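Source file: query09.cif; contents: mmCIF, C-alpha atoms.
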data_model
loop_
_atom_site.label_atom_id
_atom_site.label_comp_id
_atom_site.auth_asym_id
_atom_site.auth_seq_id
_atom_site.Cartn_x
_atom_site.Cartn_y
_atom_site.Cartn_z
CA MET U 1 -3.32 -11.42 -27.15
CA THR U 2 0.29 -12.41 -27.25
CA SER U 3 1.91 -14.73 -24.77
CA TYR U 4 3.71 -11.72 -23.33
CA GLY U 5 0.33 -10.13 -22.65
CA LEU U 6 -0.71 -13.27 -20.81
CA LEU U 7 2.06 -12.69 -18.27
CA PHE U 8 0.18 -9.68 -16.90
CA TYR U 9 -2.81 -11.82 -15.96
CA VAL U 10 -0.59 -14.37 -14.23
CA LEU U 11 1.09 -11.61 -12.23
CA ALA U 12 -2.23 -9.93 -11.45
CA ALA U 13 -3.79 -13.20 -10.28
CA VAL U 14 -0.84 -13.99 -8.00
CA THR U 15 -0.83 -10.47 -6.58
CA VAL U 16 -4.55 -10.41 -5.85
CA ALA U 17 -4.51 -13.93 -4.41
CA ALA U 18 -1.53 -13.20 -2.14
CA THR U 19 -3.17 -9.98 -0.93
CA ALA U 20 -6.46 -11.74 -0.30
CA VAL U 21 -4.70 -14.43 1.73
CA ALA U 22 -2.69 -11.82 3.60
CA ILE U 23 -5.60 -9.74 4.80
CA THR U 24 -7.47 -12.74 6.19
CA ARG U 25 -4.64 -14.25 8.25
CA ARG U 26 -5.02 -14.22 12.01
CA ASN U 27 -1.27 -14.58 12.50
CA MET U 28 0.30 -11.24 11.65
CA VAL U 29 3.66 -12.74 10.68
CA HIS U 30 1.93 -14.83 8.02
CA ALA U 31 0.04 -11.78 6.82
CA VAL U 32 3.23 -9.76 6.44
CA VAL U 33 5.02 -12.56 4.58
CA TYR U 34 2.11 -13.01 2.18
CA LEU U 35 2.10 -9.28 1.61
CA ILE U 36 5.79 -9.45 0.68
CA VAL U 37 4.79 -11.95 -2.03
CA SER U 38 2.12 -9.51 -3.17
CA PHE U 39 4.61 -6.64 -3.34
CA PHE U 40 7.04 -8.74 -5.37
CA GLY U 41 4.18 -9.30 -7.82
CA THR U 42 3.56 -5.56 -7.90
CA ALA U 43 7.24 -4.93 -8.58
CA MET U 44 7.09 -7.30 -11.55
CA ILE U 45 3.99 -5.51 -12.81
CA PHE U 46 5.91 -2.23 -12.61
CA TYR U 47 8.72 -3.74 -14.64
CA TYR U 48 6.18 -5.08 -17.09
CA PHE U 49 4.71 -1.60 -17.48
CA GLY U 50 8.11 -0.14 -18.31
CA ALA U 51 9.28 1.20 -14.96
CA PRO U 52 12.43 -0.77 -14.05
CA LEU U 53 13.68 1.76 -11.50
CA LEU U 54 10.33 1.77 -9.72
CA ALA U 55 10.32 -2.03 -9.72
CA ALA U 56 13.69 -2.02 -7.96
CA LEU U 57 12.51 0.63 -5.50
CA GLU U 58 9.33 -1.35 -4.83
CA VAL U 59 11.38 -4.39 -3.85
CA ILE U 60 13.88 -2.36 -1.83
CA ILE U 61 11.49 -0.01 -0.02
CA TYR U 62 8.13 -1.79 0.12
CA ALA U 63 9.09 -5.46 0.28
CA GLY U 64 12.38 -4.74 1.99
CA ALA U 65 12.20 -1.82 4.37
CA ILE U 66 8.52 -1.34 5.15
CA MET U 67 7.63 -4.99 5.54
CA VAL U 68 10.73 -5.66 7.66
CA LEU U 69 9.62 -2.76 9.87
CA PHE U 70 6.25 -4.47 10.26
CA LEU U 71 7.98 -7.76 11.05
CA PHE U 72 10.12 -6.06 13.70
CA VAL U 73 7.10 -4.56 15.39
CA VAL U 74 5.16 -7.82 15.25
CA MET U 75 8.09 -9.74 16.70
CA MET U 76 9.06 -7.15 19.33
CA VAL U 77 5.62 -6.98 20.81
CA LYS U 78 4.18 -10.07 22.36
CA VAL U 79 0.84 -10.42 20.69
CA ASP U 80 -1.76 -12.59 22.27
CA VAL U 81 -4.59 -12.19 19.83
CA PRO U 82 -7.66 -13.44 21.66
CA GLY U 83 -9.37 -14.07 18.33
CA GLU U 84 -10.86 -11.15 16.53
CA VAL U 85 -14.61 -11.27 16.50
CA MET U 86 -16.25 -10.70 13.16
CA LEU U 87 -18.82 -7.97 13.17
CA PRO U 88 -22.43 -9.14 13.30
CA ALA U 89 -24.05 -9.72 9.92
CA ARG U 90 -26.48 -6.83 10.15
CA GLN U 91 -23.47 -4.51 10.41
CA TRP U 92 -21.24 -5.79 7.65
CA ILE U 93 -23.84 -6.76 5.01
CA PRO U 94 -24.88 -3.15 4.22
CA ALA U 95 -21.23 -2.12 4.06
CA ALA U 96 -20.43 -5.00 1.72
CA VAL U 97 -23.41 -4.19 -0.51
CA PHE U 98 -22.43 -0.54 -0.79
CA GLY U 99 -18.82 -1.44 -1.47
CA LEU U 100 -19.81 -3.91 -4.17
CA ILE U 101 -22.03 -1.31 -5.83
CA TYR U 102 -19.15 1.16 -5.90
CA LEU U 103 -16.82 -1.49 -7.34
CA VAL U 104 -19.29 -2.44 -10.08
CA VAL U 105 -19.88 1.21 -10.97
CA ALA U 106 -16.13 1.78 -11.11
CA PHE U 107 -15.71 -1.20 -13.47
CA LEU U 108 -18.50 0.09 -15.73
CA MET U 109 -16.96 3.55 -15.82
CA ILE U 110 -13.56 2.11 -16.67
CA PHE U 111 -15.02 0.13 -19.56
CA GLU U 112 -17.16 3.00 -20.82
CA THR U 113 -14.34 5.53 -20.91
CA ARG U 114 -12.94 5.92 -24.38
CA GLY U 115 -9.29 5.10 -24.77
CA THR U 116 -9.06 2.47 -22.05
CA GLU U 117 -9.68 -0.42 -24.43
CA ALA U 118 -6.68 0.32 -26.64
CA PRO U 119 -3.79 -2.05 -25.95
CA LEU U 120 -0.82 -0.40 -24.31
CA ASN U 121 2.39 -0.12 -26.29
CA LEU U 122 5.62 -1.47 -24.99
CA PHE U 123 7.69 1.31 -23.59
CA SER U 124 10.41 1.40 -21.02
CA ALA U 125 11.80 4.39 -19.17
CA SER U 126 15.44 3.68 -18.43
CA PRO U 127 16.54 4.66 -14.92
CA ARG U 128 18.75 7.37 -16.44
CA ASP U 129 15.90 9.02 -18.34
CA PHE U 130 13.61 8.73 -15.36
CA ALA U 131 16.13 10.25 -12.94
CA LEU U 132 16.89 13.10 -15.32
CA TYR U 133 13.19 13.80 -15.73
CA VAL U 134 12.52 13.81 -12.01
CA LEU U 135 15.49 15.97 -11.08
CA GLN U 136 14.89 18.43 -13.88
CA ASN U 137 11.17 18.92 -13.36
CA HIS U 138 10.53 18.05 -9.73
CA TRP U 139 13.67 18.98 -7.83
CA PHE U 140 11.71 21.06 -5.34
CA SER U 141 9.34 18.18 -4.53
CA ILE U 142 12.37 15.98 -3.89
CA GLU U 143 13.58 18.51 -1.32
CA VAL U 144 10.16 18.59 0.33
CA ILE U 145 10.11 14.79 0.47
CA SER U 146 13.55 14.72 2.08
CA LEU U 147 12.32 17.18 4.69
CA LEU U 148 9.29 14.95 5.27
CA LEU U 149 11.53 11.94 5.83
CA LEU U 150 13.64 13.92 8.30
CA LEU U 151 10.51 14.92 10.19
CA ALA U 152 9.36 11.30 10.25
CA LEU U 153 12.72 10.29 11.70
CA ILE U 154 12.45 12.92 14.44
CA GLY U 155 8.84 12.02 15.18
CA ALA U 156 9.55 8.30 15.41
CA LEU U 157 12.53 8.94 17.70
CA GLN U 158 10.46 11.18 19.94
CA LEU U 159 7.64 8.65 20.15
CA GLY U 160 10.00 5.79 20.82
CA LYS U 161 11.91 7.63 23.52
CA SER U 162 8.98 8.26 25.83
CA ARG U 163 8.93 5.74 28.65
CA ALA U 164 5.31 5.71 29.62
CA ARG U 165 4.11 2.77 31.68
CA PRO U 166 0.51 2.60 32.74
CA GLY U 167 0.12 3.17 36.40
CA THR U 168 3.63 4.39 37.21
CA GLY U 169 2.59 7.98 37.48
CA ASP U 170 5.04 9.34 34.92
CA GLU U 171 2.54 9.34 32.13
CA ILE U 172 1.96 12.49 30.22
CA MET J 173 1.09 -4.29 -27.79
CA ILE J 174 0.21 -5.67 -24.38
CA VAL J 175 -2.84 -5.47 -22.13
CA PRO J 176 -5.39 -2.66 -22.30
CA LEU J 177 -5.34 0.08 -19.69
CA SER J 178 -8.74 -0.94 -18.35
CA HIS J 179 -7.42 -4.28 -17.11
CA ALA J 180 -4.64 -2.57 -15.19
CA LEU J 181 -7.18 -0.16 -13.69
CA ILE J 182 -9.40 -3.07 -12.68
CA LEU J 183 -6.46 -4.77 -11.00
CA ALA J 184 -5.81 -1.54 -9.10
CA ALA J 185 -9.49 -1.29 -8.13
CA ILE J 186 -9.58 -4.86 -6.83
CA LEU J 187 -6.42 -4.34 -4.78
CA PHE J 188 -7.82 -1.08 -3.44
CA GLY J 189 -11.01 -2.87 -2.40
CA LEU J 190 -8.99 -5.53 -0.59
CA GLY J 191 -7.04 -2.78 1.18
CA VAL J 192 -10.23 -1.03 2.25
CA PHE J 193 -11.60 -4.31 3.57
CA CYS J 194 -8.40 -4.90 5.53
CA ALA J 195 -8.42 -1.39 6.98
CA VAL J 196 -12.11 -1.43 7.90
CA ALA J 197 -12.89 -4.99 8.95
CA ARG J 198 -9.79 -5.97 10.92
CA ARG J 199 -9.67 -4.98 14.56
CA ASN J 200 -5.93 -4.80 14.85
CA LEU J 201 -3.95 -1.61 14.39
CA ILE J 202 -1.09 -3.30 12.53
CA MET J 203 -3.50 -4.86 10.03
CA ILE J 204 -5.15 -1.47 9.56
CA VAL J 205 -1.81 0.09 8.62
CA LEU J 206 -1.16 -2.87 6.31
CA GLY J 207 -4.48 -2.15 4.62
CA ILE J 208 -3.41 1.44 4.04
CA GLU J 209 -0.19 0.15 2.49
CA ILE J 210 -2.18 -2.06 0.13
CA MET J 211 -4.30 0.92 -0.91
CA LEU J 212 -1.24 3.10 -1.62
CA ASN J 213 0.26 0.25 -3.59
CA SER J 214 -2.83 -0.13 -5.77
CA ALA J 215 -2.77 3.60 -6.47
CA SER J 216 0.83 3.19 -7.59
CA ILE J 217 -0.20 0.48 -10.06
CA ALA J 218 -2.82 2.79 -11.54
CA PHE J 219 -0.26 5.60 -11.87
CA VAL J 220 2.32 3.41 -13.59
CA ALA J 221 -0.29 2.06 -16.01
CA ALA J 222 -1.42 5.59 -16.83
CA ALA J 223 2.19 6.65 -17.37
CA LEU J 224 2.49 3.83 -19.89
CA ARG J 225 -0.80 4.72 -21.57
CA TRP J 226 0.18 8.35 -22.21
CA GLN J 227 3.91 7.64 -22.57
CA ASN J 228 4.57 10.29 -19.96
CA LEU J 229 6.94 10.03 -17.02
CA GLU J 230 4.76 12.16 -14.77
CA GLY J 231 2.93 9.09 -13.47
CA GLN J 232 6.12 7.29 -12.56
CA THR J 233 7.34 10.40 -10.76
CA PHE J 234 4.22 10.38 -8.67
CA VAL J 235 4.84 6.76 -7.68
CA LEU J 236 8.25 7.83 -6.41
CA PHE J 237 6.55 10.32 -4.10
CA ILE J 238 3.97 7.75 -3.04
CA LEU J 239 6.82 5.45 -2.01
CA ALA J 240 8.38 8.19 0.12
CA VAL J 241 5.07 9.10 1.75
CA ALA J 242 4.32 5.44 2.45
CA ALA J 243 7.68 4.99 4.14
CA THR J 244 7.08 8.09 6.26
CA GLU J 245 3.57 7.05 7.17
CA VAL J 246 4.64 3.57 8.19
CA SER J 247 7.54 4.69 10.35
CA VAL J 248 5.53 7.26 12.27
CA GLY J 249 2.42 5.06 12.34
CA LEU J 250 4.25 2.08 13.75
CA ALA J 251 5.96 4.29 16.34
CA ILE J 252 2.54 5.52 17.42
CA ILE J 253 1.23 1.96 17.52
CA VAL J 254 4.12 0.76 19.69
CA TYR J 255 3.57 3.76 21.96
CA ALA J 256 -0.13 3.00 22.23
CA PHE J 257 0.66 -0.64 22.92
CA LYS J 258 2.97 0.39 25.75
CA ARG J 259 0.22 2.53 27.22
CA THR J 260 -2.66 0.08 26.90
CA GLY J 261 -1.19 -3.34 26.23
CA SER J 262 -3.45 -3.99 23.28
CA PHE J 263 -3.60 -3.58 19.53
CA ASP J 264 -7.37 -3.40 19.48
CA PRO J 265 -8.50 0.16 18.69
CA GLY J 266 -11.60 -0.52 20.77
CA ASN J 267 -9.44 -0.52 23.89
CA TYR J 268 -8.10 2.97 23.36
CA SER J 269 -10.67 4.75 25.47
CA MET J 270 -8.56 6.44 28.11
CA LEU J 271 -9.93 9.83 27.16
CA LYS J 272 -13.35 8.79 28.38
#

Show this structure as structure tokens.
Amino acid sequence: MTSYGLLFYVLAAVTVAATAVAITRRNMVHAVVYLIVSFFGTAMIFYYFGAPLLAALEVIIYAGAIMVLFLFVVMMVKVDVPGEVMLPARQWIPAAVFGLIYLVVAFLMIFETRGTEAPLNLFSASPRDFALYVLQNHWFSIEVISLLLLLALIGALQLGKSRARPGTGDEI
Amino acid sequence: MIVPLSHALILAAILFGLGVFCAVARRNLIMIVLGIEIMLNSASIAFVAAALRWQNLEGQTFVLFILAVAATEVSVGLAIIVYAFKRTGSFDPGNYSMLK
């Protein structure tokens, strides 16, 4: 275990802790800001695993665009959270037990699979190599994704344009 | 020579579990969508780690597509949430019962 290998555990601990704090906040603005911290940690993990372009995209798209979209929605809409009620214990305890069993089984399977215990080698895909690979082998998927983004734009515009107010009679 | 693949997979599994908890236990549509984001993100970590393990760029390519799908899903999802909020005045999915 080199000191460079130790960095992964620091990043992983910060990411998990920030996510855990984020999903338990009552205030949604706090949750979103903690999640931005978590996504920065993820971006650094991507860089650590040899994906510098994806690390940049993670910061730009996830931590930048998506989370700012969440912040806009949270700030635009006046939220008066009356205090979420936790489900009664007899409902969430079975769910938690089943989830824990699945998690433990997944851990065991990960450790039992051959090849997962070998340390990863350092390797870095430069943005140039990565872009060439993607555009040479997956150019059609890129076109499909661009079409998907266009459809999302149209759908969001259409949904945002409708002026439905409850009780005014012009509802659909 | 850095960490083994299993530790990266375990990190992804823990993050996925947190995302599932957020999506299932919170009664707020915005937090549910956040939980889905966390799950997609953990899948991305697993893909990048696998790309490093097999020294193959296919995994990183998949993360690129996950990013695009996540952006799409969030934009349309939040538009639907704002629309539903305008109709009902609430983020609680339990209040969306106008079809009854």

Worksheet item: Hey, what comes out of the PyMOL selection byres ((chain J and resi 242) around 12) on this file? Could you write it as JSON, numbers by chain?
Response: {"U": [58, 61, 62, 65, 66, 67, 145, 148, 149, 152], "J": [205, 206, 207, 208, 209, 210, 211, 212, 213, 215, 216, 235, 236, 237, 238, 239, 240, 241, 243, 244, 245, 246, 247, 248, 249, 250]}

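For the pair atom CA of Ala197 of chain J and atom CA of Asn267 of chain J, the interatomic distance is 16.0 Å.
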
Worksheet item: Mind pulling up the distance from atom CA of Leu35 of chain U to atom CA of Ala22 of chain U?
Response: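 Here the two named atoms are 5.8 Å from each other.
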
Worksheet item: Written as a list of chain:residue names, which residues does the PyMOL selection byres ((chain U and resi 43) around 8) give for the file shown?
Response: U:Phe39, U:Phe40, U:Gly41, U:Thr42, U:Met44, U:Ile45, U:Phe46, U:Tyr47, U:Leu54, U:Ala55, U:Ala56, U:Glu58, U:Val59

Worksheet item: Which chain J residues are at most 6 Å from chain U (counting only C-alpha atoms), as a list of chain:residue names?
Response: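 Residues satisfying the distance criterion: J:Met173, J:Ile174, J:Val175, J:Pro176, J:Leu177, J:Ser178, J:Cys194, J:Arg225, J:Thr244, J:Val248, J:Ala251, J:Arg259.
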